[in-house]
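J.: Below is a structure I'd like to ask you about.
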Amino acid sequence: MKGLLGCWVAGLLGLSVLAQQPSNLATQQPVLDTNSHAATARGTKAFAQKKYPAAVDAFRKANTIAPTPPRAFNLGTAEIAAGNREAGSSTLAAAMKEPALRADALFNRGNAALAANAYDYAIRDYTDALRLRPADPAAKRNLEIALRKRSMQQQSGEGGAGGSSQQPPKPKTREEQPRSDANTEALLRSVQQQEQEELSRMNRPARRKAHVGW
């Protein structure tokens, strides 16, 4: 579900929205934007064309008509792409009520934090996304980017604990606080080990079947 936005931070794997595709949408007569499906279709088209403010307007209308976690996901993602990272991060929190969307919402919120140089928060969200989906290569790559950028920032003495004035709102609960480096790096090592084991398994020559009988 990632890829429409492309690399919007150096080397960063980007975002995408959830397309709603009512049957025969392309052949239907134009409909007034009082229909949530029509508004979602307009938003998806605008997002694909990188017209992010128009996508925000369409997705906001769809979510106002019939609020759902998928529509909140689309609205939050479009808000982030349009540059309103704080609003987008807040909207994505509503999408996380849907378990199937939680990993993608965390990934996109992590992208917003990384774009704002809020590395602790980006690391937190990518780590949580990897806990839900350990085999996600995009979350792993972006976590590595966030860790590297925070390390560079700390070495240069900027931003103290790895944030900037553009940080998202501070989490309200202990569960949402950025996790320790030890836990994050342990998770990253586990993911990397799984990748190595999978590559070794794929490259292992097939066993030759033993002949039975004479």
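Here, A, B, ... name the chains of the structure tokens in the order displayed, residue numbers run from 1 inside each chain, and ligands are numbered from 1 in the same displayed order.
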Hey, which bits of region 61-90 of chain A sit within 12 Å of region 116-135 of chain A, and for each residue what's the closest pair of atoms and how far apart in Å (one decimal), counting only C-alpha atoms, rows by chain and increasing number, as JSON lines?
T.:
```
{"residue": "A:Ile80", "atom": "CA", "partner": "A:Ala116", "partner_atom": "CA", "distance": 10.5}
{"residue": "A:Gly83", "atom": "CA", "partner": "A:Ala116", "partner_atom": "CA", "distance": 9.8}
{"residue": "A:Asn84", "atom": "CA", "partner": "A:Ala116", "partner_atom": "CA", "distance": 10.5}
{"residue": "A:Arg85", "atom": "CA", "partner": "A:Ala116", "partner_atom": "CA", "distance": 7.9}
{"residue": "A:Glu86", "atom": "CA", "partner": "A:Ala116", "partner_atom": "CA", "distance": 9.5}
{"residue": "A:Ser89", "atom": "CA", "partner": "A:Asp125", "partner_atom": "CA", "distance": 10.9}
```
J.: Using the chain letters and numbers from this document, which residues of region 10-138 of chain A does DSSP assign to alpha helix (DSSP H), as JSON, numbers by chain?
T.: {"A": [36, 37, 38, 39, 40, 41, 42, 43, 44, 45, 46, 47, 48, 52, 53, 54, 55, 56, 57, 58, 59, 60, 61, 62, 63, 64, 65, 69, 70, 71, 72, 73, 74, 75, 76, 77, 78, 79, 80, 81, 85, 86, 87, 88, 89, 90, 91, 92, 93, 94, 95, 99, 100, 101, 102, 103, 104, 105, 106, 107, 108, 109, 110, 111, 112, 113, 114, 115, 119, 120, 121, 122, 123, 124, 125, 126, 127, 128, 129, 130, 131, 132, 137, 138]}
